file work14.pdb (PDB, C-alpha atoms, pLDDT in the B column)
ATOM      1  CA  MET F   1      32.694  55.428 -62.849  1.00 53.00           C
ATOM      2  CA  ALA F   2      30.880  58.735 -63.199  1.00 56.00           C
ATOM      3  CA  LEU F   3      33.419  60.288 -60.830  1.00 51.00           C
ATOM      4  CA  ILE F   4      36.251  59.044 -63.020  1.00 51.00           C
ATOM      5  CA  LYS F   5      34.601  60.488 -66.141  1.00 53.00           C
ATOM      6  CA  ASN F   6      34.258  63.875 -64.420  1.00 59.00           C
ATOM      7  CA  VAL F   7      37.911  63.799 -63.463  1.00 51.00           C
ATOM      8  CA  TYR F   8      38.743  62.830 -67.017  1.00 50.00           C
ATOM      9  CA  LYS F   9      36.789  65.747 -68.485  1.00 55.00           C
ATOM     10  CA  LYS F  10      38.235  68.216 -65.979  1.00 52.00           C
ATOM     11  CA  PHE F  11      41.841  67.289 -66.615  1.00 49.00           C
ATOM     12  CA  LYS F  12      41.232  66.243 -70.237  1.00 50.00           C
ATOM     13  CA  LEU F  13      42.875  62.907 -69.780  1.00 48.00           C
ATOM     14  CA  HIS F  14      43.302  60.393 -72.570  1.00 53.00           C
ATOM     15  CA  ASP F  15      40.893  57.408 -72.939  1.00 56.00           C
ATOM     16  CA  ASN F  16      43.630  54.955 -72.099  1.00 62.00           C
ATOM     17  CA  TYR F  17      44.050  56.550 -68.699  1.00 60.00           C
ATOM     18  CA  LEU F  18      40.330  56.212 -68.065  1.00 58.00           C
ATOM     19  CA  TYR F  19      40.325  52.482 -68.697  1.00 64.00           C
ATOM     20  CA  ARG F  20      43.464  51.954 -66.672  1.00 71.00           C
ATOM     21  CA  ILE F  21      42.081  53.793 -63.698  1.00 70.00           C
ATOM     22  CA  ALA F  22      38.821  51.810 -63.918  1.00 69.00           C
ATOM     23  CA  ALA F  23      40.724  48.522 -64.085  1.00 76.00           C
ATOM     24  CA  ILE F  24      42.889  49.485 -61.097  1.00 80.00           C
ATOM     25  CA  ALA F  25      39.822  50.496 -59.074  1.00 75.00           C
ATOM     26  CA  THR F  26      38.130  47.177 -59.877  1.00 80.00           C
ATOM     27  CA  ILE F  27      41.197  45.235 -58.818  1.00 84.00           C
ATOM     28  CA  ILE F  28      41.514  47.219 -55.580  1.00 84.00           C
ATOM     29  CA  GLY F  29      37.819  46.642 -54.767  1.00 76.00           C
ATOM     30  CA  THR F  30      38.160  42.916 -55.441  1.00 78.00           C
ATOM     31  CA  ILE F  31      41.229  42.708 -53.174  1.00 82.00           C
ATOM     32  CA  ILE F  32      39.433  44.573 -50.393  1.00 79.00           C
ATOM     33  CA  GLY F  33      36.437  42.224 -50.689  1.00 72.00           C
ATOM     34  CA  ILE F  34      38.649  39.127 -50.557  1.00 75.00           C
ATOM     35  CA  ILE F  35      40.485  40.442 -47.473  1.00 73.00           C
ATOM     36  CA  LYS F  36      37.203  41.212 -45.711  1.00 68.00           C
ATOM     37  CA  TYR F  37      35.805  37.757 -46.558  1.00 63.00           C
ATOM     38  CA  LEU F  38      38.905  35.983 -45.256  1.00 62.00           C
ATOM     39  CA  LYS F  39      38.797  38.074 -42.090  1.00 60.00           C
ATOM     40  CA  ASP F  40      35.125  37.154 -41.438  1.00 55.00           C
ATOM     41  CA  ASP F  41      35.828  33.492 -42.156  1.00 53.00           C
ATOM     42  CA  LYS F  42      38.671  33.496 -39.629  1.00 52.00           C
ATOM     43  CA  ILE F  43      36.352  35.014 -37.059  1.00 47.00           C
ATOM     44  CA  ILE F  44      33.745  32.284 -37.690  1.00 49.00           C
ATOM     45  CA  ILE F  45      36.382  29.556 -37.514  1.00 47.00           C
ATOM     46  CA  LYS F  46      37.743  31.090 -34.331  1.00 51.00           C
ATOM     47  CA  ASP F  47      34.264  31.229 -32.801  1.00 50.00           C
ATOM     48  CA  GLU F  48      33.670  27.597 -33.747  1.00 51.00           C
ATOM     49  CA  LYS F  49      36.918  26.616 -32.101  1.00 51.00           C
ATOM     50  CA  ILE F  50      35.942  28.500 -28.946  1.00 46.00           C
ATOM     51  CA  ILE F  51      32.544  26.813 -28.822  1.00 46.00           C
ATOM     52  CA  LYS F  52      34.060  23.389 -29.441  1.00 52.00           C
ATOM     53  CA  HIS F  53      36.653  24.021 -26.733  1.00 51.00           C
ATOM     54  CA  GLN F  54      33.910  25.030 -24.304  1.00 52.00           C
ATOM     55  CA  LYS F  55      31.945  21.839 -25.026  1.00 51.00           C
ATOM     56  CA  ILE F  56      35.021  19.681 -24.481  1.00 51.00           C
ATOM     57  CA  SER F  57      35.828  21.427 -21.194  1.00 50.00           C
ATOM     58  CA  GLU F  58      32.234  21.087 -19.977  1.00 51.00           C
ATOM     59  CA  GLU F  59      32.188  17.385 -20.793  1.00 50.00           C
ATOM     60  CA  SER F  60      35.481  16.829 -19.025  1.00 47.00           C
ATOM     61  CA  GLU F  61      34.317  18.727 -15.945  1.00 48.00           C
ATOM     62  CA  SER F  62      30.859  17.130 -15.732  1.00 43.00           C
ATOM     63  CA  PRO F  63      30.654  13.854 -13.743  1.00 43.00           C
ATOM     64  CA  ILE F  64      29.915  10.592 -15.537  1.00 39.00           C
ATOM     65  CA  PHE F  65      26.820   8.792 -14.288  1.00 36.00           C
ATOM     66  CA  GLU F  66      26.424   5.095 -14.861  1.00 41.00           C
ATOM     67  CA  LYS F  67      23.035   3.409 -14.962  1.00 40.00           C
ATOM     68  CA  VAL F  68      22.777   1.085 -12.011  1.00 38.00           C
ATOM     69  CA  SER F  69      19.988  -1.460 -11.790  1.00 41.00           C
ATOM     70  CA  VAL F  70      18.905  -2.301  -8.259  1.00 36.00           C
ATOM     71  CA  ASP F  71      16.869  -5.386  -7.525  1.00 40.00           C
ATOM     72  CA  ILE F  72      14.216  -4.634  -4.902  1.00 33.00           C
ATOM     73  CA  ASP F  73      12.557  -7.525  -3.193  1.00 38.00           C
ATOM     74  CA  LYS F  74       8.841  -7.221  -3.784  1.00 42.00           C
ATOM     75  CA  PRO F  75       6.581  -8.167  -0.887  1.00 40.00           C
ATOM     76  CA  LYS F  76       5.057 -11.552  -1.411  1.00 46.00           C
ATOM     77  CA  LYS F  77       1.312 -11.815  -1.489  1.00 42.00           C
ATOM     78  CA  THR F  78      -0.098 -13.493   1.563  1.00 38.00           C
ATOM     79  CA  SER F  79      -3.381 -15.308   1.623  1.00 38.00           C
ATOM     80  CA  ILE F  80      -5.971 -14.354   4.224  1.00 37.00           C
ATOM     81  CA  GLU F  81      -8.153 -17.330   3.554  1.00 41.00           C
ATOM     82  CA  PRO F  82      -9.122 -19.390   6.629  1.00 40.00           C
ATOM     83  CA  LYS F  83      -6.831 -22.367   7.099  1.00 42.00           C
ATOM     84  CA  PRO F  84      -7.735 -25.598   8.913  1.00 42.00           C
ATOM     85  CA  ILE F  85      -6.089 -26.008  12.302  1.00 44.00           C
ATOM     86  CA  SER F  86      -5.003 -29.300  13.790  1.00 41.00           C
ATOM     87  CA  ASN F  87      -4.252 -30.379  17.347  1.00 38.00           C
ATOM     88  CA  SER F  88      -0.498 -29.915  16.906  1.00 37.00           C
ATOM     89  CA  VAL F  89       1.327 -27.189  18.830  1.00 37.00           C
ATOM     90  CA  ASN F  90       2.976 -25.769  15.694  1.00 41.00           C
ATOM     91  CA  SER F  91      -0.377 -25.101  14.064  1.00 45.00           C
ATOM     92  CA  PHE F  92      -1.114 -22.219  16.455  1.00 46.00           C
ATOM     93  CA  LYS F  93       0.052 -18.730  15.573  1.00 44.00           C
ATOM     94  CA  LYS F  94       1.082 -17.059  18.809  1.00 44.00           C
ATOM     95  CA  ILE F  95       1.395 -13.333  19.531  1.00 46.00           C
ATOM     96  CA  LEU F  96       3.197 -11.430  22.287  1.00 47.00           C
ATOM     97  CA  ASP F  97       2.060 -12.521  25.774  1.00 68.00           C
ATOM     98  CA  CYS F  98       0.151 -15.485  24.335  1.00 86.00           C
ATOM     99  CA  SER F  99      -0.096 -18.129  27.080  1.00 84.00           C
ATOM    100  CA  TYR F 100      -0.305 -21.246  24.953  1.00 87.00           C
ATOM    101  CA  SER F 101      -0.465 -24.618  26.606  1.00 88.00           C
ATOM    102  CA  LYS F 102      -2.222 -27.429  24.803  1.00 84.00           C
ATOM    103  CA  ASP F 103      -2.154 -29.820  27.768  1.00 85.00           C
ATOM    104  CA  LYS F 104      -3.711 -27.258  30.113  1.00 87.00           C
ATOM    105  CA  LYS F 105      -5.977 -25.906  27.365  1.00 92.00           C
ATOM    106  CA  ASP F 106      -4.669 -22.411  27.988  1.00 93.00           C
ATOM    107  CA  TYR F 107      -4.902 -20.061  24.981  1.00 95.00           C
ATOM    108  CA  GLN F 108      -5.040 -16.660  26.671  1.00 94.00           C
ATOM    109  CA  ARG F 109      -4.441 -13.680  24.348  1.00 94.00           C
ATOM    110  CA  CYS F 110      -3.597 -15.967  21.415  1.00 95.00           C
ATOM    111  CA  SER F 111      -4.425 -14.825  17.892  1.00 94.00           C
ATOM    112  CA  PHE F 112      -6.506 -17.146  15.698  1.00 93.00           C
ATOM    113  CA  ARG F 113      -7.837 -14.615  13.201  1.00 94.00           C
ATOM    114  CA  ARG F 114      -9.775 -16.029  10.210  1.00 94.00           C
ATOM    115  CA  ARG F 115      -9.033 -19.631  11.257  1.00 95.00           C
ATOM    116  CA  ASP F 116     -11.128 -22.727  10.694  1.00 96.00           C
ATOM    117  CA  PHE F 117     -12.116 -24.320  14.024  1.00 95.00           C
ATOM    118  CA  ARG F 118     -15.102 -26.324  12.838  1.00 96.00           C
ATOM    119  CA  GLY F 119     -15.810 -29.161  15.322  1.00 96.00           C
ATOM    120  CA  TYR F 120     -12.814 -28.270  17.501  1.00 95.00           C
ATOM    121  CA  ASN F 121     -12.924 -29.167  21.200  1.00 95.00           C
ATOM    122  CA  PHE F 122     -12.323 -26.215  23.558  1.00 96.00           C
ATOM    123  CA  GLU F 123     -14.217 -27.708  26.501  1.00 97.00           C
ATOM    124  CA  ASN F 124     -13.047 -26.199  29.822  1.00 97.00           C
ATOM    125  CA  ALA F 125     -10.402 -24.181  27.938  1.00 97.00           C
ATOM    126  CA  ASN F 126      -9.112 -20.751  28.935  1.00 97.00           C
ATOM    127  CA  LEU F 127      -9.617 -18.481  25.909  1.00 97.00           C
ATOM    128  CA  ASP F 128      -9.690 -15.124  27.681  1.00 97.00           C
ATOM    129  CA  GLU F 129      -8.784 -12.208  25.376  1.00 96.00           C
ATOM    130  CA  ALA F 130      -8.129 -14.569  22.448  1.00 96.00           C
ATOM    131  CA  ASP F 131      -8.706 -13.206  18.948  1.00 97.00           C
ATOM    132  CA  PHE F 132     -11.018 -15.272  16.710  1.00 97.00           C
ATOM    133  CA  TYR F 133     -11.910 -12.435  14.318  1.00 97.00           C
ATOM    134  CA  GLU F 134     -13.928 -13.725  11.311  1.00 96.00           C
ATOM    135  CA  GLY F 135     -13.184 -17.326  12.265  1.00 96.00           C
ATOM    136  CA  ASP F 136     -15.288 -20.363  11.386  1.00 97.00           C
ATOM    137  CA  MET F 137     -16.345 -21.923  14.710  1.00 97.00           C
ATOM    138  CA  ARG F 138     -19.315 -23.972  13.595  1.00 97.00           C
ATOM    139  CA  ARG F 139     -19.999 -27.017  15.820  1.00 97.00           C
ATOM    140  CA  VAL F 140     -17.120 -26.036  18.129  1.00 97.00           C
ATOM    141  CA  ASN F 141     -17.326 -27.301  21.701  1.00 98.00           C
ATOM    142  CA  LEU F 142     -17.004 -24.412  24.163  1.00 98.00           C
ATOM    143  CA  LYS F 143     -18.713 -26.121  27.088  1.00 97.00           C
ATOM    144  CA  ASN F 144     -17.673 -24.451  30.368  1.00 98.00           C
ATOM    145  CA  ALA F 145     -14.948 -22.526  28.524  1.00 98.00           C
ATOM    146  CA  SER F 146     -13.807 -19.097  29.704  1.00 98.00           C
ATOM    147  CA  ILE F 147     -13.787 -16.730  26.745  1.00 97.00           C
ATOM    148  CA  ARG F 148     -14.005 -13.388  28.515  1.00 98.00           C
ATOM    149  CA  LYS F 149     -12.973 -10.205  26.659  1.00 97.00           C
ATOM    150  CA  ALA F 150     -12.274 -12.292  23.561  1.00 98.00           C
ATOM    151  CA  ASN F 151     -12.740 -10.939  20.040  1.00 98.00           C
ATOM    152  CA  LEU F 152     -15.339 -12.968  18.156  1.00 98.00           C
ATOM    153  CA  SER F 153     -16.386 -10.305  15.664  1.00 98.00           C
ATOM    154  CA  ALA F 154     -18.135 -11.797  12.622  1.00 97.00           C
ATOM    155  CA  VAL F 155     -17.515 -15.346  13.919  1.00 98.00           C
ATOM    156  CA  ASP F 156     -19.862 -18.135  12.795  1.00 98.00           C
ATOM    157  CA  LEU F 157     -20.936 -20.174  15.862  1.00 98.00           C
ATOM    158  CA  ARG F 158     -23.834 -22.114  14.375  1.00 97.00           C
ATOM    159  CA  GLY F 159     -24.195 -25.568  15.921  1.00 97.00           C
ATOM    160  CA  ALA F 160     -21.702 -24.776  18.705  1.00 98.00           C
ATOM    161  CA  ASN F 161     -22.063 -26.070  22.248  1.00 98.00           C
ATOM    162  CA  LEU F 162     -21.976 -22.981  24.494  1.00 97.00           C
ATOM    163  CA  GLU F 163     -23.368 -24.562  27.654  1.00 96.00           C
ATOM    164  CA  GLY F 164     -21.819 -22.925  30.719  1.00 96.00           C
ATOM    165  CA  ALA F 165     -19.449 -20.787  28.578  1.00 98.00           C
ATOM    166  CA  ASN F 166     -18.481 -17.412  30.018  1.00 98.00           C
ATOM    167  CA  PHE F 167     -18.404 -14.662  27.335  1.00 98.00           C
ATOM    168  CA  THR F 168     -18.360 -11.716  29.767  1.00 97.00           C
ATOM    169  CA  GLU F 169     -17.228  -8.498  27.994  1.00 97.00           C
ATOM    170  CA  ALA F 170     -16.476 -10.412  24.786  1.00 98.00           C
ATOM    171  CA  ILE F 171     -16.981  -8.816  21.363  1.00 98.00           C
ATOM    172  CA  LEU F 172     -19.630 -10.684  19.368  1.00 98.00           C
ATOM    173  CA  GLN F 173     -20.449  -7.912  16.934  1.00 97.00           C
ATOM    174  CA  ASN F 174     -21.899  -9.284  13.670  1.00 98.00           C
ATOM    175  CA  ALA F 175     -21.481 -12.835  15.012  1.00 98.00           C
ATOM    176  CA  ILE F 176     -23.855 -15.663  13.998  1.00 98.00           C
ATOM    177  CA  LEU F 177     -25.433 -17.478  16.973  1.00 97.00           C
ATOM    178  CA  GLU F 178     -28.773 -18.488  15.505  1.00 96.00           C
ATOM    179  CA  ASP F 179     -30.605 -21.645  16.655  1.00 97.00           C
ATOM    180  CA  LEU F 180     -28.374 -21.992  19.744  1.00 97.00           C
ATOM    181  CA  ASP F 181     -29.224 -22.751  23.353  1.00 96.00           C
ATOM    182  CA  LEU F 182     -27.858 -19.724  25.218  1.00 96.00           C
ATOM    183  CA  SER F 183     -29.862 -20.261  28.373  1.00 95.00           C
ATOM    184  CA  LYS F 184     -26.706 -21.220  30.297  1.00 95.00           C
ATOM    185  CA  THR F 185     -24.314 -18.906  28.446  1.00 96.00           C
ATOM    186  CA  ASP F 186     -22.997 -15.801  30.236  1.00 97.00           C
ATOM    187  CA  LEU F 187     -23.254 -12.898  27.768  1.00 97.00           C
ATOM    188  CA  ARG F 188     -23.190 -10.049  30.290  1.00 97.00           C
ATOM    189  CA  TRP F 189     -21.527  -6.842  29.125  1.00 97.00           C
ATOM    190  CA  CYS F 190     -20.876  -8.363  25.697  1.00 97.00           C
ATOM    191  CA  ASN F 191     -20.949  -6.376  22.473  1.00 97.00           C
ATOM    192  CA  LEU F 192     -23.768  -8.015  20.500  1.00 97.00           C
ATOM    193  CA  LYS F 193     -24.223  -5.178  18.039  1.00 97.00           C
ATOM    194  CA  ASN F 194     -25.808  -6.445  14.793  1.00 97.00           C
ATOM    195  CA  ALA F 195     -25.377 -10.061  15.947  1.00 98.00           C
ATOM    196  CA  ASN F 196     -27.691 -12.806  14.660  1.00 97.00           C
ATOM    197  CA  LEU F 197     -29.509 -14.492  17.570  1.00 96.00           C
ATOM    198  CA  LYS F 198     -32.545 -15.747  15.686  1.00 96.00           C
ATOM    199  CA  ARG F 199     -34.512 -18.646  17.250  1.00 96.00           C
ATOM    200  CA  THR F 200     -32.205 -18.914  20.262  1.00 96.00           C
ATOM    201  CA  LYS F 201     -33.017 -19.770  23.872  1.00 95.00           C
ATOM    202  CA  LEU F 202     -32.119 -16.692  25.902  1.00 93.00           C
ATOM    203  CA  CYS F 203     -32.047 -15.754  29.547  1.00 92.00           C
ATOM    204  CA  LYS F 204     -32.330 -11.969  29.890  1.00 90.00           C
ATOM    205  CA  LYS F 205     -30.468 -11.862  33.187  1.00 92.00           C
ATOM    206  CA  LEU F 206     -27.451 -13.296  31.349  1.00 94.00           C
ATOM    207  CA  LEU F 207     -27.636 -10.331  28.918  1.00 94.00           C
ATOM    208  CA  GLU F 208     -27.191  -7.676  31.602  1.00 95.00           C
ATOM    209  CA  GLY F 209     -25.214  -4.650  30.348  1.00 96.00           C
ATOM    210  CA  ALA F 210     -24.823  -6.132  26.861  1.00 96.00           C
ATOM    211  CA  ILE F 211     -24.760  -3.843  23.804  1.00 96.00           C
ATOM    212  CA  THR F 212     -27.748  -5.040  21.820  1.00 95.00           C
ATOM    213  CA  GLU F 213     -28.045  -2.323  19.180  1.00 95.00           C
ATOM    214  CA  GLY F 214     -29.237  -3.808  15.887  1.00 96.00           C
ATOM    215  CA  TYR F 215     -29.079  -7.421  17.066  1.00 95.00           C
ATOM    216  CA  ASP F 216     -31.702  -9.823  15.708  1.00 95.00           C
ATOM    217  CA  ILE F 217     -33.621 -11.852  18.324  1.00 94.00           C
ATOM    218  CA  SER F 218     -36.614 -12.714  16.188  1.00 95.00           C
ATOM    219  CA  GLY F 219     -38.108 -16.084  17.179  1.00 95.00           C
ATOM    220  CA  THR F 220     -36.168 -16.279  20.453  1.00 94.00           C
ATOM    221  CA  ILE F 221     -37.505 -18.001  23.565  1.00 94.00           C
ATOM    222  CA  GLU F 222     -37.036 -16.689  27.086  1.00 91.00           C
ATOM    223  CA  TYR F 223     -35.576 -19.636  28.969  1.00 88.00           C
ATOM    224  CA  CYS F 224     -33.644 -19.492  32.208  1.00 87.00           C
ATOM    225  CA  THR F 225     -32.335 -22.398  34.255  1.00 76.00           C
ATOM    226  CA  ASN F 226     -30.254 -22.688  37.373  1.00 64.00           C
ATOM    227  CA  ARG F 227     -26.625 -23.047  36.456  1.00 52.00           C
TER     228      ARG F 227
END
call {"tool": "encode", "arguments": {"input": "work14.pdb", "output": "structure tokens"}}
result
Amino acid sequence: MALIKNVYKKFKLHDNYLYRIAAIATIIGTIIGIIKYLKDDKIIIKDEKIIKHQKISEESESPIFEKVSVDIDKPKKTSIEPKPISNSVNSFKKILDCSYSKDKKDYQRCSFRRRDFRGYNFENANLDEADFYEGDMRRVNLKNASIRKANLSAVDLRGANLEGANFTEAILQNAILEDLDLSKTDLRWCNLKNANLKRTKLCKKLLEGAITEGYDISGTIEYCTNR
């Protein structure tokens, strides 16, 4: 406006010209502002269209994943509690190379882990290399049975008849044999580590080569007889 007034004074223009020029300049400035605003708005709209187009193209190109539910069979819990065993053939759980024969009393290499054999009759049976781990063998009859190299770890043998039984090289670690007559029981080369042999009748010559570390023989009686 000051510039216009200077021009007016220099050329001595009439007041009407001054107001006309000012009005024209205002109109021109308004038009320029409107044009610039519309131009910026078009740019914004154009940018929005570009962004929207990009999103649509990305969605069309990206694969569609569907949620798929898969049912997985969960392993069933199995009980490890000792189970009573009967005289039937089907009651025995056999493993590879198990020579099972009830009539011939042959149970070589058979697995009877954590089983209940209380009062069972294994007289004259062949139980070589059988696995009785943590089994209950109280009052079992093993008279003249062959049970060499068998696994009897942590087995309870209280009240059992072991007369003439051959346990050569068997594992009797942590086994309970208290109050038994072992005077005619072959325990040579057995693993008797931490076994309970309290108040038993023992013959030292039948313990030759046995591992006796930590075994309890308190109250035992040295007693040997001719077999």
call {"tool": "resolve_selection", "arguments": {"input": "work14.pdb", "expression": "the PyMOL selection byres ((chain F and resi 102-118) around 6)", "output": "list in words"}}
result
Pro82, Lys83, Pro84, Lys94, Ile95, Cys98, Ser99, Tyr100, Ser101, Gly119, Tyr120, Ala125, Asn126, Leu127, Asp128, Glu129, Ala130, Asp131, Phe132, Tyr133, Glu134, Gly135, Asp136, Met137, Arg138, Arg139 and Val140 of chain F
call {"tool": "axis_aligned_box", "arguments": {"input": "work14.pdb", "around": "region 168-179 of chain F", "padding_each_side": "4 Å", "output": "lines of an AutoDock Vina configuration file"}}
result
center_x = -23.5
center_y = -14.8
center_z = 21.7
size_x = 22.1
size_y = 21.7
size_z = 24.1
call {"tool": "closest_residue", "arguments": {"input": "work14.pdb", "among": "F:Lys193, F:Lys198, F:Arg188, F:Arg158", "to": "Asp216 (chain F)", "atoms": "all atoms listed in the file"}}
result
F:Lys198
call {"tool": "closest_residue", "arguments": {"input": "work14.pdb", "among": "F:Leu172, F:Glu178, F:Asn141, F:Lys201", "to": "Ala160 (chain F)", "atoms": "only C-alpha atoms"}}
result
F:Asn141
call {"tool": "closest_residue", "arguments": {"input": "work14.pdb", "among": "F:Lys205, F:Ala145, F:Gly219, F:Ala154", "to": "Leu180 (chain F)", "atoms": "only C-alpha atoms"}}
result
F:Gly219
call {"tool": "atom_distance", "arguments": {"input": "work14.pdb", "atom1": "CA of Arg20 (chain F)", "atom2": "CA of Ile32 (chain F)"}}
result
18.3 Å
